[in-house]
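Listing of structure.cif; format and content: mmCIF, C-alpha atoms and all ligand atoms.
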```
data_model
#
loop_
_atom_site.label_atom_id
_atom_site.label_comp_id
_atom_site.auth_asym_id
_atom_site.auth_seq_id
_atom_site.Cartn_x
_atom_site.Cartn_y
_atom_site.Cartn_z
CA MET A 13 -62.27 34.73 28.21
CA PHE A 14 -65.32 34.76 25.95
CA LYS A 15 -67.09 32.18 28.14
CA ASP A 16 -67.11 34.73 30.98
CA GLN A 17 -68.90 37.21 28.70
CA VAL A 18 -71.42 34.52 27.83
CA ILE A 19 -72.04 33.72 31.50
CA GLU A 20 -72.44 37.44 32.30
CA ARG A 21 -74.93 37.89 29.44
CA PHE A 22 -76.96 34.81 30.47
CA HIS A 23 -76.97 36.16 34.01
CA GLN A 24 -78.57 39.39 32.73
CA GLU A 25 -81.03 37.57 30.51
CA PHE A 26 -82.01 34.58 32.63
CA GLY A 27 -81.24 35.60 36.21
CA ASN A 28 -78.96 33.92 38.71
CA PRO A 29 -77.43 30.60 37.74
CA ASP A 30 -78.99 27.70 39.62
CA ARG A 31 -75.71 25.81 39.78
CA VAL A 32 -72.10 26.97 39.72
CA ARG A 33 -69.46 24.27 39.82
CA SER A 34 -65.89 23.94 38.61
CA LYS A 35 -67.20 22.24 35.45
CA VAL A 36 -70.32 24.24 34.69
CA THR A 37 -72.39 27.33 35.22
CA ALA A 38 -76.02 26.23 34.75
CA PHE A 39 -79.08 28.41 34.26
CA ASN A 40 -82.72 27.51 34.24
CA ALA A 41 -84.31 29.71 31.57
CA GLY A 42 -87.99 29.02 31.94
CA ALA A 43 -88.07 25.22 32.05
CA LEU A 44 -85.05 24.98 29.78
CA GLY A 45 -81.64 23.95 31.08
CA VAL A 46 -78.78 26.07 29.73
CA VAL A 47 -75.26 25.00 30.66
CA VAL A 48 -72.06 26.90 29.99
CA GLN A 49 -69.05 24.62 30.22
CA THR A 50 -66.33 26.18 32.31
CA ASP A 51 -63.87 23.31 32.51
CA GLN A 52 -62.97 23.22 28.82
CA PRO A 53 -59.46 24.41 28.02
CA ASN A 54 -60.13 26.38 24.85
CA ARG A 55 -57.34 26.61 22.36
CA GLU A 56 -59.37 29.28 20.66
CA ASP A 57 -61.52 31.57 22.75
CA ALA A 58 -64.91 29.93 22.28
CA ALA A 59 -67.70 29.28 24.77
CA PHE A 60 -69.38 25.86 24.88
CA VAL A 61 -73.11 26.09 25.60
CA TRP A 62 -75.33 23.03 26.09
CA LEU A 63 -79.07 23.08 25.34
CA PRO A 64 -81.80 20.46 25.02
CA TYR A 65 -82.42 19.22 21.49
CA PRO A 66 -85.16 21.21 19.71
CA PRO A 67 -88.41 19.64 18.46
CA ASP A 68 -88.01 17.70 15.19
CA ASP A 69 -89.49 20.40 12.97
CA GLN A 70 -87.36 23.21 14.40
CA PRO A 71 -83.98 24.40 13.15
CA VAL A 72 -80.65 23.56 14.77
CA PRO A 73 -78.12 26.41 15.08
CA GLU A 74 -75.35 26.34 12.50
CA ILE A 75 -72.84 26.40 15.36
CA ALA A 76 -74.21 23.22 17.02
CA LEU A 77 -72.85 19.73 17.41
CA GLU A 78 -75.78 17.31 17.76
CA TYR A 79 -75.71 14.58 20.39
CA ALA A 80 -78.10 11.66 20.61
CA GLY A 81 -79.38 10.60 23.98
CA ASP A 82 -78.01 7.69 25.98
CA SER A 83 -74.56 7.51 24.45
CA GLY A 84 -73.35 10.99 23.63
CA ARG A 85 -71.18 12.99 25.93
CA HIS A 86 -74.35 14.46 27.31
CA SER A 87 -75.42 11.18 28.87
CA GLY A 88 -74.52 12.58 32.26
CA THR A 89 -71.61 14.95 32.35
CA TYR A 90 -73.50 18.20 31.88
CA ALA A 91 -76.98 17.13 32.92
CA SER A 92 -78.95 19.85 34.66
CA ALA A 93 -82.53 20.78 35.47
CA GLY A 94 -84.23 21.15 32.09
CA LEU A 95 -81.33 19.37 30.37
CA GLU A 96 -81.84 15.88 31.59
CA LYS A 97 -79.49 12.95 31.66
CA GLY A 98 -79.79 10.67 28.62
CA GLN A 99 -81.78 13.14 26.54
CA PRO A 100 -80.52 14.35 23.16
CA ALA A 101 -78.69 17.65 23.40
CA LEU A 102 -76.92 20.34 21.40
CA LYS A 103 -73.49 21.71 22.12
CA LEU A 104 -73.15 25.20 20.67
CA ILE A 105 -69.69 26.53 19.96
CA VAL A 106 -70.11 30.27 20.39
CA ARG A 107 -67.33 32.50 19.11
CA SER A 108 -68.70 36.00 18.54
CA ASP A 109 -71.05 38.63 19.95
CA ALA A 110 -73.33 38.17 16.92
CA GLU A 111 -73.57 34.44 17.61
CA LEU A 112 -74.23 35.12 21.29
CA ASN A 113 -77.09 37.50 20.41
CA ASP A 114 -78.60 34.85 18.13
CA VAL A 115 -78.22 32.19 20.85
CA VAL A 116 -80.05 34.36 23.41
CA ALA A 117 -82.91 34.90 20.93
CA TYR A 118 -82.96 31.16 20.22
CA ILE A 119 -83.16 30.24 23.91
CA LYS A 120 -85.91 32.80 24.55
CA ALA A 121 -87.98 31.47 21.63
CA HIS A 122 -87.36 27.90 22.88
CA THR A 123 -88.63 28.73 26.38
CA SER A 124 -91.81 30.32 25.01
CA ASN A 125 -92.46 27.52 22.49
CA ALA A 126 -92.19 30.02 19.63
CA THR A 127 -90.73 29.19 16.23
CA LEU A 128 -86.98 29.04 16.70
CA PRO A 129 -84.91 31.62 14.81
CA ALA A 130 -81.80 30.80 12.83
CA VAL A 131 -78.44 31.02 14.56
CA LYS A 132 -75.85 31.88 11.92
CA ALA A 133 -72.18 31.07 12.19
CA THR A 134 -70.10 34.23 11.92
CA PRO A 135 -67.74 33.86 8.96
CA ARG A 136 -64.19 33.63 10.19
CA VAL A 137 -62.00 36.26 8.64
CA ALA A 138 -58.83 35.02 7.03
CA THR A 139 -55.88 37.27 7.79
CA LEU A 140 -53.67 38.41 4.94
CA GLU A 141 -50.05 37.54 5.28
CA ALA A 142 -47.75 40.51 5.68
CA GLY A 143 -46.56 41.89 2.38
CA THR A 144 -49.56 40.77 0.32
CA GLU A 145 -51.41 44.11 0.40
CA GLY A 146 -49.99 45.15 -2.95
CA THR A 147 -51.50 42.15 -4.73
CA LEU A 148 -55.12 43.40 -4.64
CA ILE A 149 -56.48 43.64 -8.16
CA PRO A 150 -58.92 46.46 -9.06
CA VAL A 151 -62.13 45.04 -10.57
CA ASP A 152 -65.21 46.50 -12.21
CA LEU A 153 -67.95 46.55 -9.53
CA ASN A 154 -70.54 45.75 -12.22
CA SER A 155 -68.89 42.38 -12.65
CA MET A 156 -69.78 41.45 -9.07
CA PRO A 157 -72.36 38.58 -9.02
CA ALA A 158 -75.82 39.07 -7.57
CA PRO A 159 -76.23 37.96 -3.93
CA LYS A 160 -77.07 34.32 -3.44
CA PRO A 161 -80.52 33.46 -2.13
CA VAL A 162 -80.66 33.00 1.62
CA ALA A 163 -79.63 29.48 2.60
CA PRO A 164 -82.42 27.22 3.88
CA ARG A 165 -82.80 26.95 7.62
CA ARG A 166 -81.05 24.00 9.13
CA GLU A 167 -83.58 21.57 10.58
CA ALA A 168 -82.97 19.19 13.44
CA ILE A 169 -82.11 15.62 12.42
CA PRO A 170 -85.31 13.60 12.93
CA ARG A 171 -85.01 11.07 15.73
CA ALA A 172 -85.91 8.19 13.37
CA VAL A 173 -82.96 9.15 11.15
CA GLN A 174 -80.67 9.45 14.20
CA ARG A 175 -81.64 5.95 15.32
CA GLU A 176 -80.95 4.45 11.88
CA VAL A 177 -77.52 6.12 11.61
CA TRP A 178 -76.69 5.08 15.17
CA GLN A 179 -77.55 1.47 14.39
CA ARG A 180 -75.75 1.41 11.02
CA ASP A 181 -72.54 2.86 12.50
CA GLY A 182 -72.70 0.56 15.53
CA GLY A 183 -72.80 3.38 18.07
CA ALA A 184 -69.14 4.27 17.37
CA CYS A 185 -67.10 6.90 15.54
CA VAL A 186 -66.67 5.82 11.89
CA GLU A 187 -63.11 7.20 11.81
CA CYS A 188 -61.55 5.99 15.05
CA ALA A 189 -64.18 3.63 16.56
CA SER A 190 -64.39 5.66 19.76
CA ARG A 191 -67.62 5.31 21.72
CA GLN A 192 -67.09 8.56 23.60
CA LEU A 193 -68.24 12.10 22.76
CA LEU A 194 -70.25 10.97 19.73
CA CYS A 195 -72.24 13.34 17.56
CA PHE A 196 -73.96 13.29 14.19
CA ASP A 197 -71.87 14.66 11.34
CA HIS A 198 -73.16 15.82 7.95
CA ILE A 199 -70.90 14.19 5.34
CA VAL A 200 -71.77 16.97 2.90
CA PRO A 201 -72.05 19.99 5.23
CA PHE A 202 -75.48 21.50 5.61
CA SER A 203 -74.07 24.85 4.42
CA LEU A 204 -73.06 23.18 1.12
CA GLY A 205 -76.47 21.67 0.50
CA GLY A 206 -76.12 18.44 2.51
CA SER A 207 -79.34 17.12 3.96
CA ASN A 208 -80.58 15.30 7.05
CA THR A 209 -80.76 11.92 5.33
CA VAL A 210 -79.33 8.64 6.60
CA ARG A 211 -76.95 8.56 3.61
CA ASN A 212 -75.55 12.00 4.41
CA LEU A 213 -75.02 11.39 8.12
CA GLN A 214 -72.37 9.53 10.06
CA LEU A 215 -71.31 9.17 13.65
CA LEU A 216 -68.12 10.98 14.57
CA CYS A 217 -66.54 11.55 17.93
CA GLU A 218 -66.01 15.17 18.85
CA PRO A 219 -62.22 15.21 18.21
CA CYS A 220 -62.70 13.67 14.73
CA ASN A 221 -65.57 16.08 14.04
CA LEU A 222 -63.51 19.10 15.02
CA SER A 223 -60.50 18.01 12.99
CA LYS A 224 -62.80 17.49 9.98
CA GLY A 225 -64.16 21.01 10.51
CA ASN A 226 -60.64 22.41 10.44
CA ARG A 227 -59.88 20.64 7.15
CA ILE A 228 -62.85 22.15 5.33
ZN ZN B 301 -63.24 9.59 16.19
#
```
File written out as structure tokens:
Amino acid sequence: MFKDQVIERFHQEFGNPDRVRSKVTAFNAGALGVVVQTDQPNREDAAFVWLPYPPDDQPVPEIALEYAGDSGRHSGTYASAGLEKGQPALKLIVRSDAELNDVVAYIKAHTSNATLPAVKATPRVATLEAGTEGTLIPVDLNSMPAPKPVAPRREAIPRAVQREVWQRDGGACVECASRQLLCFDHIVPFSLGGSNTVRNLQLLCEPCNLSKGNRI
């Protein structure tokens, strides 16, 4: 399981875990709580890593779900030293070695109060259906477009914006009205130019958020 690789890597980087339970393996990296969820039955082989929310002017990893304090899933379940109950938190969905490397660099920068680096989502490779190999079309390489400029870093949603969205949406998922597992969703995804404005944010529960992600 990929989560075991993540735990092993964190062990090397941050020393012995300070708590190992059936639900979590928790590390204290500097003063920062880092929790790997071990109770999650993963349909795909991803590791779920919880971190404290970064300062307002610092970027959020592309692979993060963002949870407000008080009412998100984080309000107690995965609390740990350095990742306190009721504080806003990030849940990172880590799926590749490249993402894991970025996450380690991110945590290390976080613990030393350095500028946080970007954590990029690894593009997921679509598999060709059998029998489609012969349909590749030769093209002139000169017709290939120039590379796009590097996408802007994703910034954390300011707390004032979080509060306004929370109030507007009544502290419940806008799709199914659940009050559990809530996180902030970008209506236009950040990767497509969506911004951290009240208009572009909504509250979704984690199942609705994940099913939206699968539709895109
Ligand atoms: Zn929902």
Considering all atoms listed in the file, return as number ranges by chain whatever protein or nucleic-acid residues lie within 8 Å of Leu44 (chain A), sequence-local ones (same chain, fewer than 4 positions apart) excluded.
A: 40, 63-64, 93-95, 122-123
Mind listing the residues within 9 Å of ligand ZN 301 (chain B), only C-alpha atoms and all ligand atoms counted, as number ranges by chain?
A: 184-194, 215-221
12 Å contact set for Leu112 (chain A), all atoms listed in the file, chain neighbours under 3 positions out, as a ChimeraX atom specification
/A:14-15,17-22,25,58-61,73,75,104-109,115-119,131-134
To one decimal place, how far is CA of Asp68 (chain A) from CA of Asn125 (chain A) in Å?
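If I compute the distance from CA of Asp68 (chain A) to CA of Asn125 (chain A), I get 13.0 Å.
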Find the axis-aligned box for region 183-197 of chain A, covering all its listed atoms and adding 8 Å on each side, and write its centre and edge lengths in Å to one decimal as lines of an AutoDock Vina configuration file.
```
center_x = -67.8
center_y = 9.0
center_z = 17.5
size_x = 28.4
size_y = 27.3
size_z = 28.3
```
Between CA of Gln214 (chain A) and CA of Tyr65 (chain A), what distance in Å does the model show, to one decimal?
18.0 Å
CA of Glu78 (chain A) and CA of Leu102 (chain A) are how many Å apart?
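Between CA of Glu78 (chain A) and CA of Leu102 (chain A) the gap works out to 4.9 Å.
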Nearest to Val72 (chain A): which of A:Asp181, A:Ala101, A:Asp152, A:Pro135 is it, counting all atoms listed in the file?
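Once distances to Val72 (chain A) are computed over all atoms listed in the file, the minimum belongs to A:Ala101.
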With only C-alpha atoms as the atoms that count, which of A:Gln49, A:Asn208, A:Asn154, A:Gln70 lies nearest to Val173 (chain A)?
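Ranked by minimum distance to Val173 (chain A), first place goes to A:Asn208.
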Which residue of A:Arg171, A:Ala110, A:Pro129, A:Ala41 approaches Asn28 (chain A) most closely, using only C-alpha atoms:
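Among the listed residues, the smallest separation from Asn28 (chain A) belongs to A:Ala41.
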Among listed residues A:Ala76, A:Glu111, A:Ser155, A:Ser124, nearest His198 (chain A) (using only C-alpha atoms):
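Closest candidate: A:Ala76.
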Using all atoms listed in the file, what residues lie at most 6 Å away from (-70.9, 26.3, 31.0) (file coordinates), given as a PyMOL selection string?
chain A and resi 36-37+47-50+61
A:Leu213, A:Leu204, A:Met13, A:Ala126: which is nearest Glu56 (chain A), counting only C-alpha atoms?
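Of A:Leu213, A:Leu204, A:Met13, A:Ala126, the one nearest Glu56 (chain A) is A:Met13, counting only C-alpha atoms.
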Pick the closest to Trp178 (chain A) from A:Val210, A:Val46, A:Val200, A:Ala121: which is it, counting only C-alpha atoms?
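Checking each candidate against Trp178 (chain A), we get A:Val210 as the closest.
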